[in-house]
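Trainee: Next up, final-v9.cif (mmCIF, C-alpha atoms).
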data_target
loop_
_atom_site.label_atom_id
_atom_site.label_comp_id
_atom_site.auth_asym_id
_atom_site.auth_seq_id
_atom_site.Cartn_x
_atom_site.Cartn_y
_atom_site.Cartn_z
CA MET C 1 -90.89 9.34 141.20
CA ALA C 2 -93.23 12.23 140.40
CA ASN C 3 -95.69 9.91 138.67
CA PHE C 4 -95.96 7.38 141.50
CA THR C 5 -99.61 6.46 142.20
CA PRO C 6 -99.38 4.07 145.15
CA VAL C 7 -103.04 4.01 146.24
CA ALA C 8 -104.65 3.63 142.83
CA SER C 9 -102.05 1.11 141.68
CA LEU C 10 -102.36 -1.02 144.80
CA ALA C 11 -106.17 -0.92 144.56
CA GLY C 12 -106.08 -1.77 140.86
CA GLY C 13 -103.69 -4.62 141.56
CA ILE C 14 -106.07 -6.02 144.17
CA LEU C 15 -108.91 -5.93 141.62
CA ILE C 16 -106.71 -7.79 139.12
CA GLY C 17 -105.95 -10.39 141.76
CA LEU C 18 -109.63 -10.77 142.66
CA ALA C 19 -110.55 -11.15 138.98
CA SER C 20 -107.94 -13.91 138.67
CA VAL C 21 -109.32 -15.72 141.72
CA TRP C 22 -112.84 -15.33 140.28
CA LEU C 23 -111.89 -16.95 136.96
CA LEU C 24 -110.05 -19.78 138.68
CA ALA C 25 -112.88 -20.45 141.13
CA ALA C 26 -115.68 -20.23 138.55
CA ASN C 27 -114.02 -21.72 135.47
CA GLY C 28 -110.94 -23.47 136.79
CA ARG C 29 -108.86 -21.39 134.40
CA ILE C 30 -105.73 -19.34 134.93
CA ALA C 31 -106.23 -15.67 134.06
CA GLY C 32 -103.20 -15.52 131.81
CA ILE C 33 -104.19 -13.05 129.14
CA SER C 34 -101.71 -14.26 126.55
CA GLY C 35 -102.87 -17.85 126.99
CA ILE C 36 -106.53 -16.83 126.79
CA LEU C 37 -105.87 -14.98 123.53
CA HIS C 38 -103.54 -17.55 121.94
CA GLY C 39 -106.02 -20.33 122.72
CA LEU C 40 -108.37 -18.77 120.19
CA PHE C 41 -105.89 -19.04 117.32
CA GLY C 42 -104.27 -22.22 116.08
CA ALA C 43 -105.38 -23.91 119.24
CA MET C 44 -104.45 -27.39 120.30
CA SER C 45 -106.59 -30.18 118.90
CA ALA C 46 -107.36 -31.46 122.37
CA GLN C 47 -109.46 -28.43 123.23
CA PRO C 48 -112.90 -29.39 124.50
CA PRO C 49 -115.96 -27.90 122.78
CA GLY C 50 -117.05 -24.66 124.38
CA ASP C 51 -113.46 -23.72 125.08
CA ARG C 52 -113.70 -20.69 122.83
CA SER C 53 -116.69 -18.98 124.40
CA TRP C 54 -115.21 -18.29 127.83
CA ARG C 55 -112.09 -16.90 126.17
CA VAL C 56 -114.12 -14.58 123.93
CA LEU C 57 -116.25 -13.43 126.87
CA PHE C 58 -113.24 -12.69 129.06
CA ILE C 59 -111.66 -10.64 126.26
CA LEU C 60 -114.95 -8.83 125.64
CA GLY C 61 -115.05 -8.02 129.35
CA LEU C 62 -111.53 -6.59 129.17
CA VAL C 63 -112.44 -4.34 126.24
CA ALA C 64 -115.80 -3.34 127.77
CA ALA C 65 -113.98 -2.30 130.94
CA GLY C 66 -111.97 0.13 128.81
CA PHE C 67 -115.09 1.69 127.30
CA ALA C 68 -116.62 2.01 130.77
CA TRP C 69 -113.44 3.58 132.10
CA HIS C 70 -113.37 6.16 129.30
CA LEU C 71 -116.95 7.17 130.16
CA TYR C 72 -115.83 7.74 133.73
CA ALA C 73 -112.36 9.20 133.28
CA GLY C 74 -112.38 10.54 129.73
CA PRO C 75 -110.54 9.21 126.70
CA ALA C 76 -106.99 7.94 127.02
CA PRO C 77 -104.51 10.48 125.65
CA ALA C 78 -102.87 9.51 122.37
CA ARG C 79 -99.17 8.73 122.33
CA GLU C 80 -96.87 10.83 120.17
CA GLY C 81 -93.71 9.61 118.55
CA PHE C 82 -94.39 5.89 118.70
CA GLY C 83 -94.94 4.69 115.17
CA LEU C 84 -97.16 1.86 114.09
CA GLY C 85 -94.09 0.00 112.85
CA TRP C 86 -92.81 -0.14 116.39
CA ALA C 87 -96.26 -1.24 117.59
CA ALA C 88 -96.24 -4.09 115.07
CA ALA C 89 -92.70 -5.16 115.97
CA ALA C 90 -93.45 -5.07 119.70
CA GLY C 91 -96.69 -6.99 119.20
CA LEU C 92 -94.93 -9.71 117.20
CA LEU C 93 -92.30 -10.15 119.91
CA VAL C 94 -94.88 -10.17 122.71
CA GLY C 95 -97.07 -12.69 120.88
CA PHE C 96 -94.19 -14.98 119.95
CA GLY C 97 -92.52 -14.76 123.35
CA THR C 98 -95.63 -15.29 125.44
CA ARG C 99 -96.67 -18.33 123.46
CA LEU C 100 -93.18 -19.84 123.52
CA GLY C 101 -92.72 -19.06 127.21
CA GLY C 102 -96.25 -20.03 128.20
CA GLY C 103 -97.33 -16.79 129.83
CA CYS C 104 -97.02 -13.07 130.40
CA THR C 105 -97.29 -10.58 133.26
CA SER C 106 -100.65 -12.06 134.27
CA GLY C 107 -100.14 -15.80 133.70
CA HIS C 108 -96.61 -16.04 135.06
CA GLY C 109 -96.78 -12.85 137.15
CA VAL C 110 -100.10 -12.49 138.93
CA CYS C 111 -101.18 -16.14 138.78
CA GLY C 112 -97.88 -18.04 138.68
CA LEU C 113 -96.35 -16.13 141.57
CA GLY C 114 -99.62 -16.55 143.48
CA ARG C 115 -99.22 -20.30 143.40
CA PHE C 116 -95.52 -20.07 144.23
CA SER C 117 -94.36 -21.53 140.91
CA LEU C 118 -90.58 -21.41 140.52
CA ARG C 119 -91.02 -21.69 136.75
CA SER C 120 -93.10 -18.52 136.77
CA LEU C 121 -90.68 -16.71 139.05
CA VAL C 122 -87.87 -17.40 136.58
CA ALA C 123 -90.03 -16.11 133.71
CA VAL C 124 -90.90 -12.93 135.62
CA ILE C 125 -87.26 -12.18 136.43
CA VAL C 126 -86.25 -12.77 132.80
CA PHE C 127 -88.96 -10.63 131.20
CA MET C 128 -88.48 -7.82 133.73
CA ALA C 129 -84.76 -7.80 132.93
CA THR C 130 -85.11 -7.80 129.15
CA GLY C 131 -88.00 -5.32 129.39
CA MET C 132 -85.84 -2.89 131.35
CA ALA C 133 -82.99 -3.37 128.87
CA ALA C 134 -85.25 -2.76 125.86
CA THR C 135 -86.79 0.33 127.45
CA TYR C 136 -83.33 1.68 128.22
CA LEU C 137 -82.29 1.23 124.59
CA MET C 138 -85.51 2.79 123.26
CA ARG C 139 -85.46 5.81 125.55
CA HIS C 140 -81.80 6.57 126.06
CA VAL C 141 -79.87 5.08 123.14
CA LEU C 142 -81.97 5.00 119.97
CA MET Q 1 -119.85 -18.37 131.17
CA ILE Q 2 -121.11 -15.12 132.66
CA HIS Q 3 -118.27 -15.48 135.15
CA ALA Q 4 -115.68 -15.17 132.38
CA LEU Q 5 -117.27 -11.90 131.24
CA GLY Q 6 -117.40 -10.58 134.81
CA ALA Q 7 -113.84 -11.59 135.58
CA GLY Q 8 -112.67 -9.93 132.35
CA LEU Q 9 -114.52 -6.74 133.27
CA LEU Q 10 -113.06 -6.66 136.76
CA PHE Q 11 -109.58 -7.44 135.45
CA GLY Q 12 -109.90 -4.60 132.92
CA VAL Q 13 -111.10 -2.08 135.51
CA GLY Q 14 -108.11 -3.08 137.63
CA LEU Q 15 -105.78 -2.38 134.71
CA TRP Q 16 -107.21 1.09 134.15
CA LEU Q 17 -107.43 2.03 137.85
CA SER Q 18 -103.85 0.90 138.43
CA GLY Q 19 -102.59 2.94 135.47
CA MET Q 20 -101.22 -0.14 133.72
CA ALA Q 21 -103.47 0.32 130.68
CA ASN Q 22 -101.33 3.39 129.93
CA PRO Q 23 -98.16 2.10 128.23
CA ARG Q 24 -96.20 5.21 129.19
CA LYS Q 25 -96.73 4.43 132.86
CA VAL Q 26 -95.45 0.89 132.31
CA LEU Q 27 -92.40 2.26 130.48
CA ASP Q 28 -91.82 4.69 133.36
CA PHE Q 29 -91.50 1.61 135.57
CA LEU Q 30 -89.22 -0.27 133.19
CA ASP Q 31 -87.04 2.83 132.72
CA ILE Q 32 -85.07 2.47 135.92
CA THR Q 33 -82.46 5.01 134.86
CA GLY Q 34 -85.06 7.68 134.13
CA ASN Q 35 -87.75 9.31 136.25
CA TRP Q 36 -88.61 5.95 137.81
CA ASP Q 37 -92.24 5.19 138.64
CA PRO Q 38 -92.49 2.16 140.95
CA SER Q 39 -96.30 1.89 140.60
CA LEU Q 40 -96.13 -1.42 138.71
CA LEU Q 41 -94.52 -3.04 141.76
CA LEU Q 42 -97.59 -2.16 143.81
CA VAL Q 43 -99.94 -3.45 141.11
CA MET Q 44 -98.09 -6.75 141.00
CA GLY Q 45 -97.79 -6.82 144.79
CA GLY Q 46 -101.49 -6.18 145.34
CA ALA Q 47 -102.53 -8.74 142.76
CA VAL Q 48 -100.12 -11.44 143.97
CA ALA Q 49 -101.13 -10.82 147.60
CA VAL Q 50 -104.69 -11.75 146.62
CA THR Q 51 -103.79 -14.76 144.47
CA ALA Q 52 -101.26 -16.02 147.03
CA VAL Q 53 -104.00 -16.15 149.68
CA PHE Q 54 -106.91 -17.48 147.62
CA PHE Q 55 -105.37 -19.65 144.88
CA ARG Q 56 -104.28 -22.44 147.18
CA PRO Q 57 -107.72 -23.20 148.67
CA VAL Q 58 -109.42 -22.86 145.27
CA ILE Q 59 -106.90 -25.21 143.63
CA ALA Q 60 -107.34 -27.72 146.44
CA ARG Q 61 -111.14 -27.58 146.40
CA LYS Q 62 -111.39 -27.89 142.62
CA ARG Q 63 -108.58 -30.46 142.51
CA LEU Q 64 -106.76 -28.56 139.78
CA SER Q 65 -103.28 -29.61 138.78
CA PHE Q 66 -100.57 -27.66 137.02
CA ASP Q 67 -98.08 -30.14 135.74
CA LYS Q 68 -95.67 -27.79 133.98
CA THR Q 69 -92.75 -27.10 136.27
CA ALA Q 70 -89.81 -27.35 133.87
CA ILE Q 71 -87.44 -24.41 133.69
CA ASP Q 72 -86.32 -24.99 130.12
CA LEU Q 73 -85.12 -23.12 127.07
CA PRO Q 74 -88.59 -22.30 125.65
CA LEU Q 75 -89.57 -20.75 128.99
CA VAL Q 76 -86.46 -18.60 129.29
CA ALA Q 77 -86.21 -17.66 125.60
CA GLY Q 78 -89.93 -16.94 125.42
CA ALA Q 79 -89.86 -14.75 128.52
CA ALA Q 80 -86.80 -12.91 127.19
CA ILE Q 81 -88.46 -12.25 123.80
CA PHE Q 82 -91.70 -11.18 125.47
CA GLY Q 83 -89.78 -8.78 127.71
CA ILE Q 84 -88.09 -7.13 124.72
CA GLY Q 85 -91.46 -6.51 123.06
CA TRP Q 86 -92.90 -5.27 126.37
CA GLY Q 87 -90.00 -2.87 126.83
CA ILE Q 88 -90.35 -1.49 123.30
CA GLY Q 89 -94.06 -0.70 123.46
CA GLY Q 90 -95.07 -0.69 127.11
CA TYR Q 91 -97.85 -3.14 126.27
CA CYS Q 92 -98.23 -6.62 127.65
CA PRO Q 93 -101.25 -8.63 126.45
CA GLY Q 94 -103.90 -7.48 128.98
CA PRO Q 95 -103.30 -3.73 128.69
CA ALA Q 96 -103.07 -3.98 124.89
CA ILE Q 97 -106.44 -5.74 124.67
CA THR Q 98 -108.26 -3.36 127.02
CA ALA Q 99 -106.65 -0.42 125.17
CA LEU Q 100 -108.56 -1.51 122.05
CA SER Q 101 -111.29 0.64 123.62
CA ASN Q 102 -109.16 3.73 122.91
CA LEU Q 103 -110.32 3.42 119.29
CA SER Q 104 -106.84 4.32 118.09
CA LEU Q 105 -104.81 2.32 115.62
CA GLU Q 106 -101.84 1.63 117.91
CA PRO Q 107 -103.39 -1.09 120.12
CA VAL Q 108 -105.20 -2.59 117.11
CA VAL Q 109 -101.91 -3.03 115.25
CA PHE Q 110 -100.23 -4.33 118.40
CA VAL Q 111 -102.90 -6.93 119.17
CA ALA Q 112 -103.06 -8.13 115.54
CA ALA Q 113 -99.27 -8.52 115.52
CA MET Q 114 -99.46 -10.32 118.86
CA VAL Q 115 -101.82 -12.92 117.39
CA VAL Q 116 -99.52 -13.39 114.39
CA GLY Q 117 -96.51 -13.71 116.70
CA GLY Q 118 -98.31 -16.40 118.66
CA LEU Q 119 -99.09 -18.33 115.49
CA LEU Q 120 -95.44 -18.08 114.41
CA ALA Q 121 -94.36 -19.53 117.75
CA LYS Q 122 -96.80 -22.35 117.19
CA ILE Q 123 -95.35 -23.40 113.83
CA ARG Q 124 -91.65 -23.36 114.72
CA PRO Q 125 -90.45 -26.50 112.94
CA SER Q 126 -87.90 -27.41 115.60
CA ALA Q 127 -90.31 -27.09 118.47
CA SER Q 128 -90.97 -30.08 120.62
CA ALA Q 129 -94.73 -30.12 120.82
CA GLY Q 130 -94.85 -31.02 124.47
CA SER Q 131 -92.89 -28.06 125.70
CA LEU Q 132 -95.07 -25.71 123.70
CA ALA Q 133 -98.35 -26.67 125.30
CA GLN Q 134 -100.03 -23.40 126.13
CA ARG Q 135 -102.77 -22.97 128.67
#
Can the structure from this file be put into structure tokens for me?

Mentor:
Amino acid sequence: MANFTPVASLAGGILIGLASVWLLAANGRIAGISGILHGLFGAMSAQPPGDRSWRVLFILGLVAAGFAWHLYAGPAPAREGFGLGWAAAAGLLVGFGTRLGGGCTSGHGVCGLGRFSLRSLVAVIVFMATGMAATYLMRHVL
Amino acid sequence: MIHALGAGLLFGVGLWLSGMANPRKVLDFLDITGNWDPSLLLVMGGAVAVTAVFFRPVIARKRLSFDKTAIDLPLVAGAAIFGIGWGIGGYCPGPAITALSNLSLEPVVFVAAMVVGGLLAKIRPSASAGSLAQR
């Protein structure tokens, strides 16, 4: 557990929770990042006009936070030994799975658990389990 | 609308501060047989502590309703597939998007593939449209 960062991680988690409350209180929307992204592409026909702009702005905010962080903490170190083919495969699975399952770590995790949704709890348990299994295979078998 | 930008900024700062924008740190959590890093539990715990306290009054005041409660095959299969992709790369959607600021190709490829994957899920011929509704 040499890499454990309890204070920063707890503080960062609280900020994520506050951001989710902010979006719900101001826009009435769940801060599920996969849903926010997927809603921009091949969206449902029932979407009201103006539905795109809040999604784009939230995503811009996410990316801008990264640029701001790099100014403060320096650039993120590059990762060795993880090819772009793996990145593409992982992205496809994450995109497909989050749209099929209706959420990710934020939508089902942070927001779903926060409203005591059993559906979200099931999703969290399932993706934690398959995530641990996939990481085990990637790091210790392949 | 400015609220969406602000919430996105705050969410992103939370991801970087917590370490979750670094996929290796996420993988160190998922790798329970390795040099385990439990930080992600504290991120999730801190975030859920906040939402658990404040969501209920906000939902009541704004009279929001969340009608999807079914625990069905799309939910379980989707979560399982998402988890596999998460465990391969260490990226879930939020960290991948904020990592676009790294100006490296890896998150760009990941996010583009994520959009394509979402579109593929959308056009599954056997899908029952109702169970696919995505918020």

Trainee: What does the distance from atom CA of Leu64 of chain Q to atom CA of Ala96 of chain Q come to in Å, to one decimal?

Mentor: 29.0 Å

Trainee: One decimal, in Å: what's the spacing between atom CA of Gly34 of chain Q and atom CA of Thr135 of chain C?

Mentor: 10.1 Å

Trainee: Given the choices Q:Ala113, Q:Leu10, Q:Ile2, Q:Val43, which gets closest to Pro93 of chain Q if the distance is worked out from only C-alpha atoms?

Mentor: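 Of Q:Ala113, Q:Leu10, Q:Ile2, Q:Val43, the one nearest Pro93 of chain Q, counting only C-alpha atoms, is Q:Ala113.
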
Trainee: Using all atoms listed in the file, pick whichever of Q:Ile81, Q:Thr69, Q:Phe11, Q:Leu119 has the shortest atom-to-atom distance to Ala47 of chain Q.

Mentor: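 Among Q:Ile81, Q:Thr69, Q:Phe11, Q:Leu119, it is Q:Phe11 that comes nearest to Ala47 of chain Q.
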
Trainee: Which residue, Q:Ile97, Q:Val108, Q:Val26, Q:Met114, has the smallest gap to Gly12 of chain Q when you use only C-alpha atoms?

Mentor: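 Of all the options, Q:Ile97 lies closest to Gly12 of chain Q.
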
Trainee: Which polymer residues have any atom within 6 Å of an atom of Gly14 of chain Q, counting only C-alpha atoms, with same-chain residues fewer than 2 positions away left out, as a ChimeraX atom specification?

Mentor: /C:12,15-16 /Q:11-12,16-18

Trainee: Could you write out the selected residues, including C-alpha atoms, as a compact mmCIF listing (two decimals), keeping the file's coordinate frame?

Mentor:
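The result, stored in result.txt:
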# COMPACT_ATOMS: atom_id res chain seq x y z
CA GLY C 12 -106.08 -1.77 140.86
CA LEU C 15 -108.91 -5.93 141.62
CA ILE C 16 -106.71 -7.79 139.12
CA PHE Q 11 -109.58 -7.44 135.45
CA GLY Q 12 -109.90 -4.60 132.92
CA TRP Q 16 -107.21 1.09 134.15
CA LEU Q 17 -107.43 2.03 137.85
CA SER Q 18 -103.85 0.90 138.43

Trainee: Would you give me, as JSON, numbers by chain, the residues of chain C that come within 6 Å of chain Q, using all atoms listed in the file?

Mentor: {"C": [1, 3, 4, 5, 6, 8, 9, 10, 12, 13, 14, 15, 16, 17, 19, 23, 25, 33, 34, 35, 54, 57, 58, 61, 62, 63, 65, 66, 67, 87, 88, 90, 91, 92, 93, 94, 95, 96, 97, 98, 99, 100, 101, 102, 110, 114, 115, 119, 123, 126, 127, 130, 131, 132, 134, 135, 136]}

Trainee: Using Å and a single decimal, report how far atom CA of Leu84 of chain C sits from atom CA of Gly32 of chain C.

Mentor: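 Taking atom CA of Gly32 of chain C and atom CA of Leu84 of chain C, their separation equals 25.5 Å.
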
Trainee: For Arg52 of chain C, please output as number ranges by chain all residues within 9 Å (counting all atoms listed in the file; exclusion window: fewer than 4 positions along the same chain).

Mentor: C: 39-40, 47-48, 56-57

Trainee: With 3 Å added on each side, what axis-aligned box encloses every listed atom of segment 98-103 of chain C? Give the centre and edge lengths in Å to one decimal, as AutoDock Vina command-line options.

Mentor:
--center_x -95.0 --center_y -17.7 --center_z 126.6 --size_x 10.6 --size_y 10.7 --size_z 12.4

Trainee: Would you mind completing segment 55-71 of chain Q so that it carries N, CA and C atoms, and writing it out as a CSV table (one decimal), keeping the file's coordinate frame?

Mentor:
chain,number,residue,atom,x,y,z
Q,55,PHE,N,-105.6,-18.6,145.9
Q,55,PHE,CA,-105.4,-19.6,144.9
Q,55,PHE,C,-105.3,-21.0,145.5
Q,56,ARG,N,-104.5,-21.1,146.6
Q,56,ARG,CA,-104.3,-22.4,147.2
Q,56,ARG,C,-105.6,-23.2,147.6
Q,57,PRO,N,-106.5,-22.5,148.3
Q,57,PRO,CA,-107.7,-23.2,148.7
Q,57,PRO,C,-108.6,-23.5,147.5
Q,58,VAL,N,-108.6,-22.6,146.5
Q,58,VAL,CA,-109.4,-22.9,145.3
Q,58,VAL,C,-108.9,-24.1,144.5
Q,59,ILE,N,-107.5,-24.1,144.4
Q,59,ILE,CA,-106.9,-25.2,143.6
Q,59,ILE,C,-107.2,-26.5,144.3
Q,60,ALA,N,-107.1,-26.5,145.7
Q,60,ALA,CA,-107.3,-27.7,146.4
Q,60,ALA,C,-108.8,-28.2,146.3
Q,61,ARG,N,-109.7,-27.2,146.4
Q,61,ARG,CA,-111.1,-27.6,146.4
Q,61,ARG,C,-111.5,-28.1,145.0
Q,62,LYS,N,-111.0,-27.5,144.0
Q,62,LYS,CA,-111.4,-27.9,142.6
Q,62,LYS,C,-110.5,-29.0,142.1
Q,63,ARG,N,-109.5,-29.4,142.9
Q,63,ARG,CA,-108.6,-30.5,142.5
Q,63,ARG,C,-107.9,-30.2,141.2
Q,64,LEU,N,-107.5,-28.9,141.0
Q,64,LEU,CA,-106.8,-28.6,139.8
Q,64,LEU,C,-105.3,-29.0,139.9
Q,65,SER,N,-104.7,-29.3,138.7
Q,65,SER,CA,-103.3,-29.6,138.8
Q,65,SER,C,-102.6,-28.8,137.7
Q,66,PHE,N,-101.4,-28.4,138.0
Q,66,PHE,CA,-100.6,-27.7,137.0
Q,66,PHE,C,-99.3,-28.4,136.9
Q,67,ASP,N,-99.2,-29.2,135.8
Q,67,ASP,CA,-98.1,-30.1,135.7
Q,67,ASP,C,-96.8,-29.6,135.1
Q,68,LYS,N,-96.9,-28.3,134.6
Q,68,LYS,CA,-95.7,-27.8,134.0
Q,68,LYS,C,-94.8,-27.1,135.0
Q,69,THR,N,-93.7,-27.7,135.3
Q,69,THR,CA,-92.8,-27.1,136.3
Q,69,THR,C,-91.4,-26.9,135.7
Q,70,ALA,N,-91.2,-27.4,134.4
Q,70,ALA,CA,-89.8,-27.4,133.9
Q,70,ALA,C,-89.3,-25.9,133.6
Q,71,ILE,N,-88.1,-25.7,134.0
Q,71,ILE,CA,-87.4,-24.4,133.7
Q,71,ILE,C,-86.5,-24.7,132.5
